[in-house]
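Student: Okay, handing you the structure first.
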Amino acid sequence: MKKILSGERFTEAAVFSATGILCLLLAFNLNFGSGKQPGAGVFASDKSIYYVYLPATFIYGWDAKRFPDRCDTLYRGFVLDTSTNTVRCKMTCGVAVLWTPFFLLTHAVAAVTGGPADGFSGIYPYAALVPPVVFLVLGLFFLRRFLARYFARGTTWATVLLLLTGTNLLYYATADGLMSHVHSFFLFSLCLWLLQRFFDGGMRSGRLFALISLVISLAVLIRPVNAVITLCFFLLDAKSLRDVAARFRYLFRLRPLVTFAGLFLLVWLPQLIYWKYAWGSFLHYSYGGERFTNLADPVLLPLWFSPLNGLFLYNPLALFLVAGAVLMLLKRRFDGLLMMCIFLLVSYISGSWHMWYFGGSYGARPFTEYFALLSPGLAVILEELAENRGKWLTFLIRPAVTVMLLLCVWYNLALTVHNQWNTGSVWDWDGYRERLRAAGLTGCTRHGREFCDDFENISSNPGLARTTAFSSSYNTGALVDARYPYCMLFERGMGDLADVPVRQAGIEMMVNPVYGDTVNALLVASIEDAARRPWSYASLPLSRAVTRPGWNRVRMDLPVPLWLNDPEFRIRVYLWKRAPRTFAIDDVAVSFH
Amino acid sequence: MNRASRFTVFLAAAALVLLTVRVVISLSGRPVNTDVPGASVSLFIDSIPADVSFEKERIVRFDFENGPASDSSIRRDAAHGGHFGMVLNARHRFSPGLFIPAAEWGGKDSTWILAEAWVMSPAADSLTQAFLVVTGNRQGQTFKFRAVQAPAKGIPHGTWLKVRLSWLVPTGTAPGDKLQAYLVNDGADDLFIDDFTVDRFQKPLR
């Protein structure tokens, strides 16, 4: 007993138990704290799609009519198609496969205790917080075991704990645990550990190869783009091109090929059956019109740096991961090449997706699971700092990097707890500062504020149709619907614009007449009371400002009297169409000073 | 343990400690009514920016603990906290409250008033007759009026309800303008009120 509880295993058990408990507490507070309603949030949106496979299979027998009334409207993810009596999900079922034992246990407890056993209410939302934390801890465990082969004990601990606390991995294990990322992270970590053992054994273990095939198949079932992990099979720990060639030859031998194909088919069988049930075909592209529209011109800079969920802006620790990969490349370590390939490939794939900012993502979520593959980069930097005994390094660089790393951690923890749906435009730095303020990270006085809508982000404005056919910046602009006489562009209370009273509002936008050279509409800005009476008003005939085909810049100012700086009043900026014309707009900016 | 190990172990431990601290802060940050015993429902109309730090100063507090008044409006059975509360009815429609000239208010730009009170209706379905009012008057004319009324449904009979109302002091307020905050009973049935407070929130001078 003493032997079991001493040394490394005891430390491992203690640290991972503490991590699991802390993450569970955080998950509970983020999902149910501060008056949040149980249920809808845990299963909301995309999360409900990953989850619905379970109640559909084990409770409702895939009969859409047996589901609770308007269940799909509440969760806004999966669709209950009552005309064909089918349950429609765009995501694949990998998360549900991993969750099956947890769900069955929860269902049994609900049935035994007499609570509602409907899969959505009662204990289900509470129990749903546990599996992501379990997969997180297992993922960290295997990742540390993988790293332990190359790095010192302290370095492995520092790497996995910094990765947890300094990146959005924590957010996707606690606040949005039902999203796929933490599950992919677990499978990636497990895959790395298995691959390492497989290569250490000279690629002779058929059992290990079968396990690797199973893990890769599951990862691809969770998220088809996870197929990127297969690169690891060819490049991980490879010393030369000869090693890479040997692995190719191994994979295309009959036995491994049949093993991989057989297991892949077995793992994917439930998905193929589901597609046949829902769409009548064993193979189906379930994302409809959502596609990789930017393959020729991926959106990379915003994906990495923009306030709209940019990777490095919200996960500054990722800079260390990539810097470490570059360092490994410079030292001619083959894994550096693997890491850079993976980073660039994931960037290309994510930047090519039509919604490159991934909706309500917290900091470029497509990268979350790949932090497992990039983690050696951080470990290399830590090891360099720890082992090098140069004078400059000891007294200057090491303390500076320590402070930077811990600041990254504190920044991420604060944003994780205070995250809110990002509704801003691509380069909305004022909105980013607001988020930092809300998280308690900055407290400077706001002397003004600019709001900008470049229509890249999701919009629910009924008077506008987002379009990729006309845009003056990036991919998307908006067509003004000719059917409605008014089109609201901006509306906000006058009480929360800045910390000091504002004196002037400036409105600027791009207008493209599209079907002619004139636009018969007025741009109106008005500050109104609760009864919609205007107290300050300005308008500009667009026909005067739009003088040529193509994009025209339009600008107008509205004075704001001091006494209108009051939450009782709202400012509205809208288009008032005198004739039913369709025209395009983009980059609508409303600034207050 | 060598120096290299100490450095990385320190980093690992620091990350874990920071996570612990953040979880503890997050757990302890939940709003809790510590000042009030018993079940209560809070009706909270509040637009004071949550992300700005204000200096809070209590301007008035009516807990009615001085005991019964000669007109019998202060009673033991109307107490929510302490021993006494006030009864508003057809005879006493208005509570005591804040009635001061803006010059005495000392307000600066972006100064907020937060008025809070506990109300309870001993008679069934008459809670809706309670209004918490904050107004500004200039020479007898109201220039800004806000009131909050208890909701008609969802409050079990006999439940104490906390009503709150925040009010931004308008930027153009003149020294002679009157600022007022009070509770009014707009019906004939008894209404119990207790612990009526008015706080001022203003940003500290930089």
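Simple scheme: letters A, B, ... for chains in structure tokens order, numbers from 1 for residues in each chain, numbers from 1 for ligands in the order shown.
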Select all residues from chain B having any atom no more than 7 Å from an atom of chain A (counting only C-alpha atoms, ignoring ligands), output as a PDB file with C-alpha atoms, in the first residue's frame.
Tutor:
```pdb
ATOM      1  CA  ALA B   4      15.815  23.224 -13.385  1.00  0.00           C
ATOM      2  CA  SER B   5      13.207  21.108 -11.637  1.00  0.00           C
ATOM      3  CA  PHE B   7      11.643  26.250 -12.000  1.00  0.00           C
ATOM      4  CA  THR B   8       9.226  23.920 -13.803  1.00  0.00           C
ATOM      5  CA  VAL B   9       7.641  22.605 -10.609  1.00  0.00           C
ATOM      6  CA  LEU B  11       5.321  26.910 -12.833  1.00  0.00           C
ATOM      7  CA  ALA B  12       3.141  23.822 -12.502  1.00  0.00           C
ATOM      8  CA  ALA B  15      -0.827  27.266 -12.575  1.00  0.00           C
ATOM      9  CA  LEU B  16      -2.700  24.979 -10.208  1.00  0.00           C
ATOM     10  CA  LEU B  18      -4.171  30.243  -9.984  1.00  0.00           C
ATOM     11  CA  LEU B  19      -6.849  27.798 -11.120  1.00  0.00           C
ATOM     12  CA  THR B  20      -7.836  27.197  -7.494  1.00  0.00           C
ATOM     13  CA  ARG B  22     -10.129  31.584  -9.835  1.00  0.00           C
ATOM     14  CA  VAL B  23     -12.528  28.753  -8.967  1.00  0.00           C
ATOM     15  CA  LEU B  27     -17.845  30.301  -6.516  1.00  0.00           C
ATOM     16  CA  ARG B  30     -22.595  34.434  -6.625  1.00  0.00           C
ATOM     17  CA  PRO B  31     -25.139  37.012  -5.433  1.00  0.00           C
ATOM     18  CA  ASP B  51     -18.338  46.413 -14.986  1.00  0.00           C
ATOM     19  CA  LEU B 168     -29.098  57.841 -13.462  1.00  0.00           C
ATOM     20  CA  PRO B 170     -29.343  63.396 -15.573  1.00  0.00           C
ATOM     21  CA  THR B 171     -26.266  65.306 -16.649  1.00  0.00           C
ATOM     22  CA  GLY B 172     -28.110  68.598 -17.011  1.00  0.00           C
TER      23      GLY B 172
END
```
Student: Contacts of Ala147 of chain B at 9 Å or less, counting only C-alpha atoms, minus same-chain residues fewer than 3 places along, as a ChimeraX atom specification?
Tutor: /B:131-135,165
Student: Restricting the output to C-alpha atoms, write the selected residues as a short mmCIF file (atom, residue, chain, number, x, y, z; two decimals), in the first residue's frame.
Tutor:
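What landed in out.cif:
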```
data_model
loop_
_atom_site.label_atom_id
_atom_site.label_comp_id
_atom_site.auth_asym_id
_atom_site.auth_seq_id
_atom_site.Cartn_x
_atom_site.Cartn_y
_atom_site.Cartn_z
CA PHE B 131 -44.74 51.26 -6.46
CA LEU B 132 -41.17 52.30 -5.81
CA VAL B 133 -40.66 55.71 -7.38
CA VAL B 134 -37.58 57.81 -8.13
CA THR B 135 -38.15 61.21 -9.78
CA LEU B 165 -34.79 50.71 -8.90
#
```
Student: Write out as a short mmCIF file (atom, residue, chain, number, x, y, z; two decimals) with N, CA and C atoms, in the first residue's frame which residues come within 12 Å of Val134 of chain A when counting only C-alpha atoms, dropping same-chain ones fewer than 4 positions away.
Tutor:
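Dumped everything to part23.cif:
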```cif
data_model
loop_
_atom_site.label_atom_id
_atom_site.label_comp_id
_atom_site.auth_asym_id
_atom_site.auth_seq_id
_atom_site.Cartn_x
_atom_site.Cartn_y
_atom_site.Cartn_z
N PHE A 16 -4.15 15.11 -10.44
CA PHE A 16 -5.27 14.94 -11.37
C PHE A 16 -6.62 14.91 -10.64
N SER A 17 -6.64 14.37 -9.42
CA SER A 17 -7.90 14.41 -8.65
C SER A 17 -8.27 15.87 -8.34
N THR A 19 -7.32 18.53 -9.91
CA THR A 19 -7.70 19.20 -11.16
C THR A 19 -9.14 18.86 -11.53
N GLY A 20 -9.48 17.59 -11.43
CA GLY A 20 -10.83 17.16 -11.77
C GLY A 20 -11.88 17.82 -10.89
N ILE A 21 -11.59 17.87 -9.58
CA ILE A 21 -12.56 18.48 -8.65
C ILE A 21 -12.71 19.97 -8.95
N LEU A 22 -11.60 20.66 -9.16
CA LEU A 22 -11.66 22.10 -9.46
C LEU A 22 -12.45 22.35 -10.75
N CYS A 23 -12.20 21.52 -11.76
CA CYS A 23 -12.90 21.71 -13.04
C CYS A 23 -14.39 21.42 -12.89
N LEU A 24 -14.72 20.43 -12.07
CA LEU A 24 -16.15 20.13 -11.85
C LEU A 24 -16.85 21.30 -11.15
N LEU A 98 -18.72 8.10 -27.13
CA LEU A 98 -17.89 8.18 -25.92
C LEU A 98 -18.74 8.35 -24.67
N TRP A 99 -19.86 9.02 -24.80
CA TRP A 99 -20.71 9.34 -23.65
C TRP A 99 -21.63 8.19 -23.23
N PHE A 102 -21.72 6.89 -19.60
CA PHE A 102 -22.15 7.94 -18.67
C PHE A 102 -23.66 8.16 -18.77
N ALA A 127 -25.61 15.84 -14.55
CA ALA A 127 -24.70 14.72 -14.83
C ALA A 127 -23.88 14.98 -16.08
N ALA A 128 -24.40 15.83 -16.98
CA ALA A 128 -23.69 16.11 -18.24
C ALA A 128 -22.40 16.88 -18.02
N LEU A 129 -22.20 17.41 -16.82
CA LEU A 129 -20.96 18.15 -16.56
C LEU A 129 -19.78 17.20 -16.27
N VAL A 130 -20.10 15.95 -15.94
CA VAL A 130 -19.04 15.04 -15.48
C VAL A 130 -18.19 14.47 -16.62
N LEU A 138 -8.33 12.51 -18.24
CA LEU A 138 -7.68 11.39 -18.92
C LEU A 138 -6.75 11.89 -20.03
N GLY A 139 -7.22 12.91 -20.75
CA GLY A 139 -6.39 13.49 -21.81
C GLY A 139 -5.09 14.05 -21.26
N LEU A 140 -5.18 14.78 -20.14
CA LEU A 140 -3.98 15.34 -19.53
C LEU A 140 -3.06 14.24 -19.03
N PHE A 141 -3.66 13.19 -18.51
CA PHE A 141 -2.89 12.05 -17.99
C PHE A 141 -2.06 11.41 -19.11
N ALA A 173 -13.90 22.25 -21.48
CA ALA A 173 -14.14 21.11 -20.59
C ALA A 173 -15.15 21.47 -19.50
N THR A 174 -15.37 22.75 -19.29
CA THR A 174 -16.23 23.16 -18.17
C THR A 174 -17.47 23.91 -18.64
N GLY A 177 -18.80 21.89 -22.14
CA GLY A 177 -18.21 20.54 -22.12
C GLY A 177 -18.79 19.60 -23.16
N VAL A 182 -12.98 18.76 -26.15
CA VAL A 182 -12.25 18.08 -25.08
C VAL A 182 -12.21 16.57 -25.34
N HIS A 183 -13.21 16.05 -26.04
CA HIS A 183 -13.22 14.63 -26.36
C HIS A 183 -12.14 14.32 -27.40
N PHE A 185 -9.48 16.10 -27.75
CA PHE A 185 -8.21 16.29 -27.02
C PHE A 185 -7.81 14.99 -26.32
N PHE A 186 -8.78 14.36 -25.68
CA PHE A 186 -8.51 13.09 -24.99
C PHE A 186 -8.01 12.05 -25.99
#
```
Student: Using only C-alpha atoms, which protein or nucleic acid residues come within 6 Å of His593 of chain A? Drop anything in the same chain fewer than 6 positions from it, and give the result as a list in words.
Tutor: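 What passes the distance filter is Gly448, Val502, Arg503 and Gln504 of chain A.
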Student: Enumerate, as a compact mmCIF listing (two decimals) with N, CA, C and O atoms, in the first residue's frame, the complete set of residues in segment 89-198 of chain B that a backbone-based DSSP assignment places in alpha helix (DSSP H).
Tutor:
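The file below, out.txt, is the result:
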```txt
# COMPACT_ATOMS: atom_id res chain seq x y z
N ALA B 102 -30.94 69.01 -5.64
CA ALA B 102 -29.77 68.43 -6.32
C ALA B 102 -28.47 69.06 -5.83
O ALA B 102 -27.42 68.42 -5.85
N ALA B 103 -28.53 70.32 -5.38
CA ALA B 103 -27.33 70.98 -4.88
C ALA B 103 -26.74 70.23 -3.69
O ALA B 103 -25.52 70.14 -3.53
N GLU B 104 -27.63 69.66 -2.85
CA GLU B 104 -27.15 68.91 -1.69
C GLU B 104 -26.71 67.50 -2.05
O GLU B 104 -26.06 66.82 -1.29
N TRP B 105 -27.17 67.08 -3.20
CA TRP B 105 -26.85 65.71 -3.64
C TRP B 105 -25.36 65.59 -3.96
O TRP B 105 -24.76 64.55 -3.77
```
Student: Can you tell me which residues surround Ile216 of chain A at a distance of at most 8 Å, considering only C-alpha atoms, apart from same-chain residues fewer than 4 positions away, and format the answer as a VMD selection string?
Tutor: chain A and resid 187 191 212 220 227 229 to 230
Student: For the residues in that selection, give me C-alpha atoms as a PDB file, in the first residue's frame.
Tutor:
```
ATOM      1  CA  LEU A 187      -8.331  10.892 -28.099  1.00  0.00           C
ATOM      2  CA  CYS A 191      -3.249   8.400 -29.717  1.00  0.00           C
ATOM      3  CA  ILE A 212      -4.438   3.240 -32.612  1.00  0.00           C
ATOM      4  CA  VAL A 220     -12.604  11.173 -37.097  1.00  0.00           C
ATOM      5  CA  ALA A 227      -8.228  13.069 -39.817  1.00  0.00           C
ATOM      6  CA  ILE A 229      -4.085  13.271 -36.647  1.00  0.00           C
ATOM      7  CA  THR A 230      -3.084  10.575 -39.149  1.00  0.00           C
TER       8      THR A 230
END
```
Student: Just the residues within 7 Å of Ala325 of chain A, please, counting only C-alpha atoms, with nothing from its chain fewer than 3 positions along; format it as an NGL selection string.
Tutor: :A and (321-322 or 328-329 or 336 or 339-340 or 377)
Student: Go ahead and compute the interatomic distance for atom CA of Lys178 of chain B and atom CA of Gly140 of chain B, in Å to one decimal.
Tutor: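 Result for atom CA of Lys178 of chain B versus atom CA of Gly140 of chain B: 8.9 Å, one decimal.
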Student: Pick out the closest residue to Leu308 of chain A from this set: A:Phe199, A:Phe233, A:Trp279, A:Phe358. Count only C-alpha atoms.
Tutor: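 Result for the nearest residue to Leu308 of chain A: A:Phe358.
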Student: Would you pick out the contacts of Pro298 of chain A at 9 Å or less, using only C-alpha atoms, so that residues sharing its chain but fewer than 2 positions from it are not included, and give the list as a VMD selection string?
Tutor: chain A and resid 293 to 296 300 347 to 353 356
Student: Write the residues of the preceding selection, restricted to all heavy atoms, as an mmCIF file, in the first residue's frame.
Tutor:
```
data_model
loop_
_atom_site.group_PDB
_atom_site.id
_atom_site.type_symbol
_atom_site.label_atom_id
_atom_site.label_comp_id
_atom_site.auth_asym_id
_atom_site.auth_seq_id
_atom_site.Cartn_x
_atom_site.Cartn_y
_atom_site.Cartn_z
ATOM 1 N N THR A 293 -15.634 27.488 -48.103
ATOM 2 C CA THR A 293 -15.766 28.427 -49.218
ATOM 3 C C THR A 293 -14.491 29.230 -49.477
ATOM 4 O O THR A 293 -14.383 29.883 -50.503
ATOM 5 C CB THR A 293 -16.912 29.418 -48.938
ATOM 6 O OG1 THR A 293 -16.691 29.987 -47.636
ATOM 7 C CG2 THR A 293 -18.264 28.752 -48.982
ATOM 8 N N ASN A 294 -13.549 29.192 -48.530
ATOM 9 C CA ASN A 294 -12.363 30.046 -48.681
ATOM 10 C C ASN A 294 -11.102 29.241 -48.979
ATOM 11 O O ASN A 294 -10.001 29.657 -48.607
ATOM 12 C CB ASN A 294 -12.130 30.865 -47.400
ATOM 13 C CG ASN A 294 -13.382 31.551 -46.921
ATOM 14 O OD1 ASN A 294 -14.169 32.018 -47.722
ATOM 15 N ND2 ASN A 294 -13.570 31.598 -45.613
ATOM 16 N N LEU A 295 -11.260 28.093 -49.635
ATOM 17 C CA LEU A 295 -10.087 27.243 -49.873
ATOM 18 C C LEU A 295 -9.003 27.965 -50.673
ATOM 19 O O LEU A 295 -7.810 27.776 -50.421
ATOM 20 C CB LEU A 295 -10.518 25.968 -50.618
ATOM 21 C CG LEU A 295 -11.242 24.931 -49.750
ATOM 22 C CD1 LEU A 295 -11.908 23.872 -50.603
ATOM 23 C CD2 LEU A 295 -10.288 24.277 -48.752
ATOM 24 N N ALA A 296 -9.440 28.821 -51.599
ATOM 25 C CA ALA A 296 -8.454 29.523 -52.428
ATOM 26 C C ALA A 296 -7.858 30.726 -51.697
ATOM 27 O O ALA A 296 -6.795 31.213 -52.058
ATOM 28 C CB ALA A 296 -9.113 29.972 -53.726
ATOM 29 N N LEU A 300 -6.572 33.886 -42.713
ATOM 30 C CA LEU A 300 -5.576 33.466 -41.723
ATOM 31 C C LEU A 300 -5.276 34.519 -40.655
ATOM 32 O O LEU A 300 -5.303 34.215 -39.458
ATOM 33 C CB LEU A 300 -4.277 33.060 -42.429
ATOM 34 C CG LEU A 300 -4.381 31.778 -43.242
ATOM 35 C CD1 LEU A 300 -3.065 31.463 -43.918
ATOM 36 C CD2 LEU A 300 -4.811 30.606 -42.378
ATOM 37 N N SER A 347 -4.789 25.599 -39.480
ATOM 38 C CA SER A 347 -5.086 27.004 -39.794
ATOM 39 C C SER A 347 -5.740 27.090 -41.168
ATOM 40 O O SER A 347 -6.722 27.811 -41.362
ATOM 41 C CB SER A 347 -3.801 27.828 -39.798
ATOM 42 O OG SER A 347 -3.236 27.836 -38.522
ATOM 43 N N TYR A 348 -5.189 26.341 -42.135
ATOM 44 C CA TYR A 348 -5.729 26.389 -43.496
ATOM 45 C C TYR A 348 -7.168 25.861 -43.520
ATOM 46 O O TYR A 348 -8.056 26.492 -44.105
ATOM 47 C CB TYR A 348 -4.840 25.566 -44.428
ATOM 48 C CG TYR A 348 -5.371 25.484 -45.835
ATOM 49 C CD1 TYR A 348 -5.340 26.595 -46.664
ATOM 50 C CD2 TYR A 348 -5.937 24.304 -46.325
ATOM 51 C CE1 TYR A 348 -5.852 26.536 -47.954
ATOM 52 C CE2 TYR A 348 -6.451 24.236 -47.604
ATOM 53 C CZ TYR A 348 -6.408 25.350 -48.419
ATOM 54 O OH TYR A 348 -6.929 25.289 -49.684
ATOM 55 N N ILE A 349 -7.386 24.728 -42.859
ATOM 56 C CA ILE A 349 -8.725 24.132 -42.869
ATOM 57 C C ILE A 349 -9.723 25.069 -42.180
ATOM 58 O O ILE A 349 -10.808 25.343 -42.688
ATOM 59 C CB ILE A 349 -8.704 22.747 -42.165
ATOM 60 C CG1 ILE A 349 -7.884 21.761 -42.987
ATOM 61 C CG2 ILE A 349 -10.111 22.218 -41.969
ATOM 62 C CD1 ILE A 349 -7.597 20.455 -42.274
ATOM 63 N N SER A 350 -9.344 25.591 -41.002
ATOM 64 C CA SER A 350 -10.264 26.456 -40.248
ATOM 65 C C SER A 350 -10.504 27.765 -40.985
ATOM 66 O O SER A 350 -11.626 28.261 -41.036
ATOM 67 C CB SER A 350 -9.694 26.750 -38.860
ATOM 68 O OG SER A 350 -9.352 25.559 -38.222
ATOM 69 N N GLY A 351 -9.441 28.334 -41.570
ATOM 70 C CA GLY A 351 -9.581 29.598 -42.296
ATOM 71 C C GLY A 351 -10.357 29.437 -43.583
ATOM 72 O O GLY A 351 -10.837 30.419 -44.152
ATOM 73 N N SER A 352 -10.489 28.207 -44.059
ATOM 74 C CA SER A 352 -11.239 27.966 -45.290
ATOM 75 C C SER A 352 -12.723 27.751 -45.031
ATOM 76 O O SER A 352 -13.536 27.858 -45.944
ATOM 77 C CB SER A 352 -10.702 26.719 -46.007
ATOM 78 O OG SER A 352 -9.360 26.893 -46.321
ATOM 79 N N TRP A 353 -13.067 27.412 -43.802
ATOM 80 C CA TRP A 353 -14.475 27.174 -43.470
ATOM 81 C C TRP A 353 -15.236 28.482 -43.615
ATOM 82 O O TRP A 353 -14.708 29.545 -43.303
ATOM 83 C CB TRP A 353 -14.569 26.644 -42.036
ATOM 84 C CG TRP A 353 -15.950 26.240 -41.587
ATOM 85 C CD1 TRP A 353 -16.652 26.770 -40.547
ATOM 86 C CD2 TRP A 353 -16.767 25.188 -42.125
ATOM 87 N NE1 TRP A 353 -17.861 26.124 -40.404
ATOM 88 C CE2 TRP A 353 -17.963 25.147 -41.371
ATOM 89 C CE3 TRP A 353 -16.624 24.291 -43.185
ATOM 90 C CZ2 TRP A 353 -19.001 24.253 -41.633
ATOM 91 C CZ3 TRP A 353 -17.658 23.393 -43.443
ATOM 92 C CH2 TRP A 353 -18.827 23.378 -42.676
ATOM 93 N N TRP A 356 -15.215 31.123 -40.439
ATOM 94 C CA TRP A 356 -13.867 30.857 -39.943
ATOM 95 C C TRP A 356 -13.724 31.218 -38.461
ATOM 96 O O TRP A 356 -12.786 30.791 -37.806
ATOM 97 C CB TRP A 356 -12.835 31.634 -40.768
ATOM 98 C CG TRP A 356 -13.149 33.094 -40.862
ATOM 99 C CD1 TRP A 356 -13.849 33.708 -41.853
ATOM 100 C CD2 TRP A 356 -12.841 34.102 -39.900
ATOM 101 N NE1 TRP A 356 -13.989 35.044 -41.567
ATOM 102 C CE2 TRP A 356 -13.378 35.319 -40.384
ATOM 103 C CE3 TRP A 356 -12.165 34.111 -38.691
ATOM 104 C CZ2 TRP A 356 -13.261 36.512 -39.679
ATOM 105 C CZ3 TRP A 356 -12.043 35.302 -38.000
ATOM 106 C CH2 TRP A 356 -12.586 36.482 -38.491
#
```
Student: Using Å and a single decimal, report how far atom CA of Val133 of chain A sits from atom CA of Ala56 of chain A.
Tutor: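 Atom CA of Ala56 of chain A sits 23.7 Å away from atom CA of Val133 of chain A.
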Student: What does the distance between atom CA of Asp200 of chain A and atom CA of Leu373 of chain A come to in Å, to one decimal place?
Tutor: 18.2 Å
Student: Among segment 412-520 of chain A, which ones does DSSP place in strand (DSSP E or B), written as a ChimeraX atom specification?
Tutor: /A:449-453,464-467,477-480,486-493,504-512
